[in-house]
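Peer 1: Input structure: model_1.cif, which contains mmCIF, C-alpha atoms.
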data_structure
loop_
_atom_site.label_atom_id
_atom_site.label_comp_id
_atom_site.auth_asym_id
_atom_site.auth_seq_id
_atom_site.Cartn_x
_atom_site.Cartn_y
_atom_site.Cartn_z
CA MET A 12 -44.65 60.81 107.30
CA LYS A 13 -42.58 62.92 104.91
CA THR A 14 -39.60 62.76 107.26
CA LEU A 15 -39.87 58.98 107.49
CA LEU A 16 -40.00 58.49 103.72
CA GLN A 17 -37.12 60.89 103.15
CA LYS A 18 -34.93 59.09 105.68
CA VAL A 19 -35.72 55.71 104.12
CA GLU A 20 -34.76 57.14 100.73
CA ASP A 21 -31.47 58.40 102.18
CA ILE A 22 -30.68 54.92 103.52
CA SER A 23 -31.51 53.38 100.15
CA LEU A 24 -29.19 55.76 98.32
CA ARG A 25 -26.31 54.88 100.62
CA TYR A 26 -26.66 51.21 99.75
CA THR A 27 -26.95 51.73 96.01
CA THR A 28 -23.77 50.21 94.60
CA PRO A 29 -21.80 51.50 91.60
CA ALA A 30 -22.81 48.29 89.83
CA GLU A 31 -26.47 49.27 90.21
CA LYS A 32 -25.89 52.80 88.97
CA GLY A 33 -23.90 51.84 85.88
CA ILE A 34 -24.29 49.38 83.03
CA ASN A 35 -25.10 45.81 84.01
CA LEU A 36 -23.58 43.55 81.37
CA PHE A 37 -25.86 40.65 82.29
CA SER A 38 -29.05 42.63 81.63
CA LEU A 39 -27.47 44.26 78.58
CA LEU A 40 -26.77 40.92 76.91
CA ARG A 41 -29.61 38.74 78.25
CA ASN A 42 -33.11 38.98 79.65
CA HIS A 43 -32.95 38.76 83.46
CA THR A 44 -35.28 35.72 83.38
CA ASP A 45 -33.24 33.73 80.83
CA GLU A 46 -32.65 30.59 82.86
CA VAL A 47 -30.66 28.73 80.18
CA HIS A 48 -28.35 31.28 78.59
CA LEU A 49 -27.87 33.54 81.62
CA HIS A 50 -28.48 31.84 84.96
CA SER A 51 -27.62 28.19 84.26
CA ARG A 52 -24.63 29.19 82.16
CA PHE A 53 -23.20 31.61 84.72
CA ILE A 54 -23.85 29.38 87.75
CA ALA A 55 -22.29 26.39 85.97
CA GLU A 56 -19.22 28.48 85.12
CA LEU A 57 -18.80 29.46 88.78
CA LEU A 58 -19.08 25.81 89.78
CA LYS A 59 -16.34 24.58 87.44
CA PRO A 60 -13.06 24.05 89.33
CA ASP A 61 -11.27 24.98 86.08
CA GLY A 62 -13.64 27.85 85.31
CA SER A 63 -12.55 31.22 83.99
CA HIS A 64 -12.88 32.69 87.51
CA GLY A 65 -9.57 31.05 88.45
CA GLN A 66 -10.67 30.17 92.01
CA GLY A 67 -10.60 26.39 91.77
CA ARG A 68 -13.26 24.69 93.92
CA LEU A 69 -14.01 27.76 96.05
CA PHE A 70 -17.46 28.49 94.64
CA LEU A 71 -18.31 24.83 94.01
CA ASP A 72 -17.71 23.74 97.61
CA LYS A 73 -19.93 26.53 98.93
CA PHE A 74 -22.67 25.43 96.53
CA ILE A 75 -22.35 21.78 97.58
CA HIS A 76 -22.75 22.85 101.22
CA LEU A 77 -25.81 24.86 100.18
CA CYS A 78 -27.34 21.72 98.70
CA GLU A 79 -26.54 19.81 101.93
CA GLY A 80 -23.94 17.62 100.29
CA GLU A 81 -20.56 16.78 101.77
CA THR A 82 -17.71 18.11 99.65
CA ILE A 83 -15.66 15.05 100.55
CA ASN A 84 -18.08 13.02 98.42
CA TYR A 85 -17.04 15.01 95.33
CA PRO A 86 -13.26 14.58 95.07
CA ALA A 87 -13.02 14.98 91.27
CA PRO A 88 -16.27 16.61 90.11
CA LYS A 89 -17.32 17.21 86.53
CA ILE A 90 -19.74 20.07 85.84
CA LYS A 91 -22.02 19.71 82.85
CA ARG A 92 -24.86 21.79 81.40
CA GLU A 93 -27.80 20.39 79.45
CA TYR A 94 -26.55 16.83 79.97
CA ARG A 95 -29.46 14.64 78.91
CA LYS A 96 -31.65 17.73 79.40
CA ILE A 97 -30.40 18.23 82.98
CA ASP A 98 -29.83 21.96 83.49
CA ILE A 99 -26.74 21.61 85.70
CA LEU A 100 -25.06 18.35 86.74
CA ILE A 101 -22.32 18.00 89.36
CA LYS A 102 -20.98 14.45 89.18
CA SER A 103 -18.11 12.68 90.88
CA GLY A 104 -17.97 8.89 90.74
CA SER A 105 -21.17 7.49 92.22
CA ASN A 106 -22.37 10.86 93.60
CA ALA A 107 -24.31 13.47 91.66
CA ILE A 108 -26.18 16.70 92.25
CA VAL A 109 -28.86 17.31 89.64
CA VAL A 110 -30.03 20.93 89.46
CA GLU A 111 -33.32 21.68 87.72
CA ASN A 112 -33.43 25.43 87.16
CA LYS A 113 -37.01 26.77 86.92
CA ILE A 114 -37.50 30.47 86.27
CA TRP A 115 -39.58 30.55 83.14
CA ALA A 116 -39.86 27.11 81.57
CA PRO A 117 -43.00 25.09 82.38
CA ASP A 118 -42.81 21.88 84.38
CA GLN A 119 -42.65 18.72 82.29
CA GLU A 120 -44.38 15.47 83.11
CA ARG A 121 -42.28 13.16 85.35
CA GLN A 122 -39.25 15.35 84.63
CA LEU A 123 -37.48 14.89 87.96
CA GLU A 124 -38.20 11.17 88.00
CA ARG A 125 -36.57 10.84 84.56
CA TYR A 126 -33.43 12.67 85.73
CA HIS A 127 -33.29 10.47 88.83
CA ASN A 128 -33.56 7.32 86.72
CA THR A 129 -30.91 8.58 84.29
CA MET A 130 -28.40 8.91 87.12
CA ILE A 131 -29.34 5.54 88.63
CA THR A 132 -28.80 3.92 85.23
CA GLU A 133 -25.34 5.51 85.11
CA GLY A 134 -24.50 4.11 88.54
CA ALA A 135 -24.84 7.35 90.51
CA THR A 136 -26.92 8.21 93.56
CA PRO A 137 -28.43 11.62 92.75
CA LEU A 138 -29.36 14.52 94.99
CA LEU A 139 -32.16 16.27 93.10
CA VAL A 140 -32.19 20.05 93.57
CA TYR A 141 -35.18 22.07 92.37
CA LEU A 142 -34.15 25.72 91.98
CA THR A 143 -36.89 28.33 91.60
CA VAL A 144 -37.32 32.04 92.22
CA ASP A 145 -39.15 31.55 95.54
CA GLY A 146 -38.27 27.99 96.57
CA ARG A 147 -41.60 26.40 95.72
CA THR A 148 -42.06 22.63 95.95
CA PRO A 149 -42.37 20.75 92.63
CA ASN A 150 -45.81 19.26 92.08
CA ALA A 151 -46.61 15.59 91.48
CA TYR A 152 -46.79 16.21 87.72
CA THR A 153 -43.06 16.92 87.50
CA ARG A 154 -41.94 14.70 90.44
CA GLY A 155 -43.51 11.57 88.96
CA ALA A 156 -43.02 8.64 91.35
CA LEU A 157 -40.67 10.65 93.59
CA SER A 158 -41.88 11.99 96.93
CA GLU A 159 -41.56 15.62 98.02
CA GLU A 160 -38.94 14.53 100.53
CA ALA A 161 -36.77 13.19 97.70
CA ILE A 162 -36.32 16.71 96.30
CA LYS A 163 -34.17 19.48 97.76
CA THR A 164 -35.81 22.86 97.06
CA ILE A 165 -33.73 26.04 96.97
CA SER A 166 -34.50 29.58 95.84
CA TYR A 167 -32.84 32.47 94.08
CA LYS A 168 -34.46 34.79 96.61
CA GLU A 169 -32.57 33.37 99.59
CA ASP A 170 -30.19 30.51 98.78
CA ILE A 171 -28.56 31.76 95.58
CA LEU A 172 -28.37 35.31 96.92
CA ASN A 173 -26.66 34.01 100.07
CA TRP A 174 -24.31 31.84 98.01
CA ILE A 175 -23.29 34.77 95.79
CA GLU A 176 -22.78 36.96 98.87
CA LYS A 177 -20.44 34.37 100.41
CA CYS A 178 -18.58 34.06 97.12
CA LYS A 179 -18.17 37.86 96.98
CA GLN A 180 -16.67 37.90 100.47
CA GLU A 181 -13.94 35.50 99.33
CA VAL A 182 -12.81 37.64 96.37
CA THR A 183 -12.74 41.20 97.70
CA HIS A 184 -9.08 41.28 96.69
CA LEU A 185 -10.06 40.65 93.05
CA PRO A 186 -12.05 43.74 91.97
CA TYR A 187 -12.99 42.45 88.50
CA LEU A 188 -14.44 39.20 89.89
CA HIS A 189 -16.07 40.88 92.87
CA GLU A 190 -17.77 43.38 90.52
CA THR A 191 -18.97 40.57 88.25
CA LEU A 192 -20.54 38.76 91.20
CA GLN A 193 -22.08 42.05 92.37
CA GLN A 194 -23.67 42.61 88.97
CA TYR A 195 -25.06 39.08 88.99
CA GLU A 196 -26.41 39.66 92.50
CA ASN A 197 -28.20 42.76 91.19
CA ILE A 198 -29.77 40.66 88.43
CA ILE A 199 -31.05 38.19 91.04
CA ARG A 200 -32.45 41.02 93.14
CA LYS A 201 -34.25 42.27 90.03
CA LEU A 202 -35.55 38.76 89.35
CA THR A 203 -36.77 38.22 92.92
CA GLY A 204 -37.75 41.75 93.88
CA THR A 205 -35.31 41.59 96.80
CA THR A 206 -34.11 45.17 96.93
CA MET A 207 -32.73 45.43 100.48
CA ASN A 208 -29.75 43.65 101.94
CA ASP A 209 -29.44 42.80 105.65
CA LYS A 210 -27.45 45.90 106.58
CA GLU A 211 -29.93 48.19 104.88
CA THR A 212 -32.82 46.41 106.60
CA ASP A 213 -31.13 46.84 109.99
CA GLU A 214 -30.81 50.58 109.39
CA VAL A 215 -34.48 50.89 108.51
CA ILE A 216 -35.40 49.00 111.70
CA GLU A 217 -33.27 51.42 113.73
CA LEU A 218 -35.02 54.31 112.00
CA LEU A 219 -38.45 52.93 112.94
CA LYS A 220 -37.45 52.90 116.60
CA GLN A 221 -37.10 56.68 116.54
CA GLU A 222 -39.91 59.17 117.30
CA ASP A 223 -43.27 58.00 115.93
CA HIS A 224 -41.89 56.48 112.74
CA ILE A 225 -43.30 53.05 113.52
CA LEU A 226 -46.83 54.53 113.77
CA ASN A 227 -46.51 56.13 110.35
CA ALA A 228 -45.08 52.90 108.90
CA ALA A 229 -48.08 51.02 110.28
CA LYS A 230 -50.41 53.34 108.36
CA ILE A 231 -48.56 52.54 105.14
CA VAL A 232 -48.75 48.81 105.82
CA GLU A 233 -52.47 49.09 106.60
CA SER A 234 -53.20 50.66 103.22
CA TRP A 235 -50.76 48.56 101.19
CA ASN A 236 -53.24 46.02 99.83
CA LYS A 237 -55.51 48.81 98.64
CA VAL A 238 -52.55 50.45 96.94
CA LYS A 239 -51.71 47.17 95.19
CA ILE A 240 -55.28 46.58 94.03
CA LYS A 241 -55.74 50.10 92.71
CA THR A 242 -52.33 50.19 91.01
CA GLU A 243 -52.83 46.87 89.24
CA TRP A 244 -56.41 47.55 88.21
CA ASN A 245 -55.61 50.99 86.80
CA PHE A 246 -52.83 49.43 84.73
CA TRP A 247 -55.09 46.74 83.23
CA ASP A 248 -57.90 49.22 82.63
CA GLU A 249 -55.65 51.68 80.81
CA LEU A 250 -54.05 48.92 78.76
CA CYS A 251 -57.52 47.70 77.70
CA GLN A 252 -58.43 51.20 76.62
CA ARG A 253 -55.21 51.51 74.62
CA ILE A 254 -55.81 48.19 72.83
CA GLU A 255 -59.36 49.25 71.99
CA GLN A 256 -58.03 52.37 70.28
CA ASP A 257 -56.01 50.35 67.76
CA MET A 258 -58.01 47.10 67.67
CA PRO A 259 -61.64 47.94 68.54
CA GLY A 260 -63.80 44.97 69.52
CA SER A 261 -60.86 42.53 69.58
CA ILE A 262 -60.69 41.93 73.36
CA LEU A 263 -62.49 38.74 74.40
CA GLU A 264 -64.71 39.81 77.30
CA PRO A 265 -64.99 36.33 78.91
CA ARG A 266 -61.16 36.19 79.04
CA LYS A 267 -60.65 39.71 80.34
CA VAL A 268 -59.33 40.68 83.77
CA THR A 269 -61.88 42.13 86.20
CA TRP A 270 -61.67 44.21 89.36
CA GLU A 271 -62.93 41.22 91.37
CA LYS A 272 -60.17 38.95 90.04
CA VAL A 273 -57.49 41.47 90.96
CA LYS A 274 -58.96 42.02 94.42
CA ASP A 275 -59.29 38.30 95.18
CA VAL A 276 -55.68 37.57 94.21
CA VAL A 277 -54.16 40.54 96.06
CA LYS A 278 -56.17 39.69 99.18
CA LYS A 279 -55.16 36.03 98.73
CA LYS A 280 -58.68 34.70 98.84
CA LYS A 281 -59.11 31.00 98.16
CA LYS A 282 -60.97 31.66 94.92
CA GLY A 283 -58.24 34.01 93.72
CA ASN A 284 -56.47 32.73 90.59
CA PRO A 285 -53.56 34.83 89.24
CA TRP A 286 -53.70 33.37 85.73
CA TYR A 287 -55.66 36.25 84.27
CA GLY A 288 -55.04 39.10 81.86
CA ILE A 289 -56.26 40.35 78.50
CA MET A 290 -56.92 38.08 75.52
CA VAL A 291 -57.08 39.72 72.10
CA LYS A 292 -58.45 37.97 69.02
CA LEU A 293 -56.04 38.06 66.08
CA ALA A 294 -57.65 35.62 63.64
CA ASP A 295 -60.21 32.84 63.09
CA TYR A 296 -58.83 29.52 61.86
CA ASP A 297 -60.77 26.28 61.43
CA ASN A 298 -63.21 26.98 64.30
CA ASP A 299 -60.29 28.10 66.49
CA LEU A 300 -59.29 31.57 67.63
CA ILE A 301 -55.64 32.59 67.36
CA CYS A 302 -55.11 35.16 70.10
CA LEU A 303 -52.62 37.42 71.77
CA PHE A 304 -52.67 36.87 75.54
CA ILE A 305 -51.16 39.27 78.08
CA GLN A 306 -51.03 37.31 81.35
CA ARG A 307 -50.22 38.02 84.98
CA GLY A 308 -49.26 34.53 86.15
CA ILE A 309 -47.09 34.09 89.25
CA SER A 310 -44.03 35.99 88.09
CA ASP A 311 -43.26 38.92 85.79
CA LEU A 312 -46.00 39.93 83.35
CA TYR A 313 -45.60 38.31 79.92
CA TYR A 314 -47.44 37.97 76.64
CA GLY A 315 -47.59 35.58 73.72
CA ILE A 316 -49.71 33.79 71.14
CA THR A 317 -52.22 31.16 72.22
CA VAL A 318 -55.03 29.27 70.50
CA LEU A 319 -58.55 28.74 71.74
CA GLY A 320 -59.73 25.45 70.27
CA ASN A 321 -63.37 25.92 69.27
CA GLY A 322 -63.09 29.23 71.09
CA GLU A 323 -62.72 27.49 74.47
CA ASP A 324 -59.77 25.12 75.08
CA ARG A 325 -56.20 26.53 74.98
CA ASN A 326 -54.63 23.06 74.80
CA SER A 327 -54.92 23.30 71.01
CA SER A 328 -51.86 25.57 71.16
CA GLY A 329 -49.56 22.59 71.72
CA THR A 330 -50.81 20.44 68.84
CA THR A 331 -49.01 19.68 65.56
CA LYS A 332 -51.73 21.64 63.79
CA TYR A 333 -49.94 24.83 64.84
CA ALA A 334 -46.35 23.57 64.82
CA THR A 335 -45.56 25.44 61.59
CA LEU A 336 -46.77 28.73 63.04
CA ALA A 337 -44.91 28.10 66.29
CA ARG A 338 -41.65 27.47 64.42
CA SER A 339 -42.06 30.53 62.21
CA MET A 340 -42.46 32.83 65.22
CA SER A 341 -39.89 31.10 67.47
CA GLY A 342 -37.30 33.83 66.90
CA SER A 343 -39.65 36.39 68.44
CA ASN A 344 -40.29 34.39 71.64
CA ASP A 345 -38.48 33.67 74.89
CA THR A 346 -40.05 30.18 75.02
CA GLN A 347 -40.99 27.54 72.49
CA GLN A 348 -44.33 25.87 71.76
CA GLU A 349 -45.92 24.19 74.75
CA GLN A 350 -49.33 22.85 75.72
CA ARG A 351 -51.11 26.20 76.04
CA TRP A 352 -48.81 28.56 74.14
CA LEU A 353 -47.29 28.85 70.70
CA GLY A 354 -44.67 30.99 72.44
CA LYS A 355 -44.28 33.64 75.15
CA LYS A 356 -42.21 36.77 75.62
CA MET A 357 -41.24 38.98 78.54
CA PHE A 358 -41.59 42.76 78.53
CA SER A 359 -38.29 44.62 78.22
CA GLU A 360 -38.98 46.33 81.57
CA PRO A 361 -40.60 43.89 84.00
CA ILE A 362 -43.87 44.30 85.85
CA ASN A 363 -44.44 41.94 88.77
CA PHE A 364 -47.71 42.45 90.61
CA LYS A 365 -47.12 39.48 92.91
CA GLN A 366 -43.90 40.80 94.46
CA PHE A 367 -44.96 44.42 93.93
CA ASN A 368 -41.62 45.91 94.85
CA ASN A 369 -39.59 46.62 91.73
CA GLN A 370 -39.41 50.21 90.54
CA SER A 371 -41.43 49.79 87.33
CA THR A 372 -44.33 48.14 89.13
CA LEU A 373 -44.45 50.57 92.04
CA LYS A 374 -44.36 53.67 89.84
CA LEU A 375 -47.49 52.52 87.98
CA ILE A 376 -49.47 54.24 90.72
CA GLN A 377 -48.43 57.56 89.12
CA PRO A 378 -50.81 58.40 86.22
CA GLU A 379 -48.14 60.05 84.06
CA PHE A 380 -45.71 57.16 84.46
CA ARG A 381 -48.47 54.59 83.91
CA HIS A 382 -49.60 56.28 80.70
CA SER A 383 -46.09 56.37 79.20
CA TYR A 384 -45.41 52.82 80.38
CA VAL A 385 -48.59 51.45 78.82
CA GLU A 386 -47.69 53.20 75.56
CA LYS A 387 -44.26 51.56 75.61
CA LEU A 388 -45.58 48.08 76.40
CA TRP A 389 -48.29 48.30 73.78
CA GLY A 390 -45.65 49.38 71.28
CA GLU A 391 -43.63 46.25 72.09
CA ILE A 392 -46.71 44.07 71.72
CA LYS A 393 -47.62 45.54 68.32
CA GLU A 394 -44.09 44.90 67.05
CA TYR A 395 -44.37 41.34 68.36
CA ILE A 396 -47.72 40.75 66.63
CA GLU A 397 -46.26 41.98 63.35
CA ALA A 398 -43.15 39.78 63.75
CA CYS A 399 -45.27 36.68 64.46
CA ASP A 400 -47.00 37.25 61.12
CA VAL A 401 -50.12 35.16 61.68
CA LYS A 402 -51.50 36.44 58.35
CA SER A 403 -48.81 34.57 56.41
CA PHE A 404 -49.68 31.34 58.24
CA LEU A 405 -53.35 31.78 57.33
CA ARG A 406 -52.43 32.48 53.70
CA ASP A 407 -50.06 29.50 53.39
CA ASN A 408 -52.30 27.05 55.28
CA PRO A 409 -55.83 27.51 53.97
CA ILE A 410 -58.57 25.33 55.41
#
Using structure tokens, write down the structure that the file contains.

Peer 2:
Amino acid sequence: MKTLLQKVEDISLRYTTPAEKGINLFSLLRNHTDEVHLHSRFIAELLKPDGSHGQGRLFLDKFIHLCEGETINYPAPKIKREYRKIDILIKSGSNAIVVENKIWAPDQERQLERYHNTMITEGATPLLVYLTVDGRTPNAYTRGALSEEAIKTISYKEDILNWIEKCKQEVTHLPYLHETLQQYENIIRKLTGTTMNDKETDEVIELLKQEDHILNAAKIVESWNKVKIKTEWNFWDELCQRIEQDMPGSILEPRKVTWEKVKDVVKKKKKGNPWYGIMVKLADYDNDLICLFIQRGISDLYYGITVLGNGEDRNSSGTTKYATLARSMSGSNDTQQEQRWLGKKMFSEPINFKQFNNQSTLKLIQPEFRHSYVEKLWGEIKEYIEACDVKSFLRDNPI
């Protein structure tokens, strides 16, 4: 077993690029989940024929093929961002590709239908592309009257990674551009938890063919769900204990993660619901509870301020009653006020229990690492609570 793990580590080291070892300017300047200011902006720049990359239509044509469009239908394309709230628009005459980029932002009611109608009104026949981390299908809430078949779904995990790889192959003679694309690829791998490329995977497969390596690998696979359950539960349990030290009695027990919830989600049982975490009471306000919520969700772990109306319904968070508080704390959040949140924020170092393959998440199984990591995350949360300054809102808006 030791020999197998050591050889896998050796393979991994060989495929670690200089861009992964050094500073990544994307992660230095933006959060890796920032869909507007990082991903949409960079992708749109690559798509522009007159973009700063200096490669004309090279990247654009590969993207159009990815979306199953014929490049001949886009003879003089214009690339726009945030056009009538459309994340990325590729438009040429009566043809248009509408890209809705969904990493973090919540779905909006009839959103895709509205974009479709906007293009129809402007005399264009749109191809609607729904871009997400894993390629999920948009639900009826955001599709509106459109059918599933009317939407092209693509993912960062496969489609965008493949697109960037093809773009890299075309610019090997331009080191600065190739390195930029490599750094962006690393950001996507961080976002999607896709740590191995095809060549690295092939080497691991060849390794498993040797001796009894496949038998040892099977033992690891067999115990993997138990590893995931124990790792995640120990993290939540230690974080609860740390919160209790500073804010005793503040955790709402009915809204607190349990061993059974973790187990059901990891084992993918039908009753398993990943929208759990730890809810911490910050203040009472007009029969409501203003709370900090640390939530698992379906992507990286995040936290934010939410409101329990009458101690029960979180939909109060999106009402005008709390608009002043939401605006005052907007500078501390990665998202704005929405139906169930006044605002949310990502941790500086991501934890993703669903994918369970980035370094930070995996190392939580080690008690020493977990302890220091929980201390760091709790430190971030305390700074966030202070910055949100709920006390000032209570003082300035008495009941």

Peer 1: Just the number, please: distance in Å from atom CA of A:Trp174 to atom CA of A:Ala161, one decimal.

Peer 2: 22.4 Å

Peer 1: Which residues match the PyMOL selection byres ((chain A and resi 269) around 9) in the file above, as a list of chain:residue names?

Peer 2: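 Here the PyMOL selection byres ((chain A and resi 269) around 9) matches A:Trp244, A:Trp247, A:Asp248, A:Lys267, A:Val268, A:Trp270, A:Glu271, A:Lys272, A:Val273, A:Lys274, A:Tyr287, A:Gly288.
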
Peer 1: Apply the PyMOL selection byres ((chain A and resi 112-125) around 6) to the displayed file and report the matching residues as a list of chain:residue names.

Peer 2: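 Applying the expression gives A:Glu46, A:Glu111, A:Tyr126, A:His127, A:Asn128, A:Leu142, A:Thr143, A:Tyr152, A:Thr153, A:Arg154, A:Gly155.
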
Peer 1: What does the distance between atom CA of A:His50 and atom CA of A:Phe74 come to in Å, to one decimal place?

Peer 2: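 Atom-to-atom, atom CA of A:His50 to atom CA of A:Phe74, that is 14.4 Å.
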
Peer 1: In Å, with one decimal, what is the gap from atom CA of A:Leu405 to atom CA of A:Thr330?

Peer 2: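 It comes out at 16.4 Å.
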
Peer 1: Please determine the residues with any atom at most 12 Å from (-61.6, 27.6, 71.1) (coordinates as given in the file, with all atoms listed in the file counting) and report them as a PyMOL selection string.

Peer 2: chain A and resi 263+266+292+294-302+317-328+351

Peer 1: With C-alpha atoms retained, write the just-selected residues as a compact mmCIF listing (two decimals), in the coordinates of the input.

Peer 2:
# COMPACT_ATOMS: atom_id res chain seq x y z
CA LEU A 263 -62.49 38.74 74.40
CA ARG A 266 -61.16 36.19 79.04
CA LYS A 292 -58.45 37.97 69.02
CA ALA A 294 -57.65 35.62 63.64
CA ASP A 295 -60.21 32.84 63.09
CA TYR A 296 -58.83 29.52 61.86
CA ASP A 297 -60.77 26.28 61.43
CA ASN A 298 -63.21 26.98 64.30
CA ASP A 299 -60.29 28.10 66.49
CA LEU A 300 -59.29 31.57 67.63
CA ILE A 301 -55.64 32.59 67.36
CA CYS A 302 -55.11 35.16 70.10
CA THR A 317 -52.22 31.16 72.22
CA VAL A 318 -55.03 29.27 70.50
CA LEU A 319 -58.55 28.74 71.74
CA GLY A 320 -59.73 25.45 70.27
CA ASN A 321 -63.37 25.92 69.27
CA GLY A 322 -63.09 29.23 71.09
CA GLU A 323 -62.72 27.49 74.47
CA ASP A 324 -59.77 25.12 75.08
CA ARG A 325 -56.20 26.53 74.98
CA ASN A 326 -54.63 23.06 74.80
CA SER A 327 -54.92 23.30 71.01
CA SER A 328 -51.86 25.57 71.16
CA ARG A 351 -51.11 26.20 76.04

Peer 1: Point out the residue among A:Pro60, A:Gly65, A:Gly315, A:Pro409 with the least atom-to-atom distance to A:Leu185, counting all atoms listed in the file.

Peer 2: A:Gly65

Peer 1: Quick one: residues within 7 Å of stretch 370-381 of chain A, all atoms listed in the file counted, chain neighbours fewer than 5 positions away excluded, as a ChimeraX atom specification?

Peer 2: /A:242,246,361-364

Peer 1: Measuring atom to atom with only C-alpha atoms, identify which of A:Tyr94, A:Tyr195, A:Tyr313, A:Phe404 is nearest to A:Ser339.

Peer 2: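 Counting only C-alpha atoms, the residue closest to A:Ser339 is A:Phe404.
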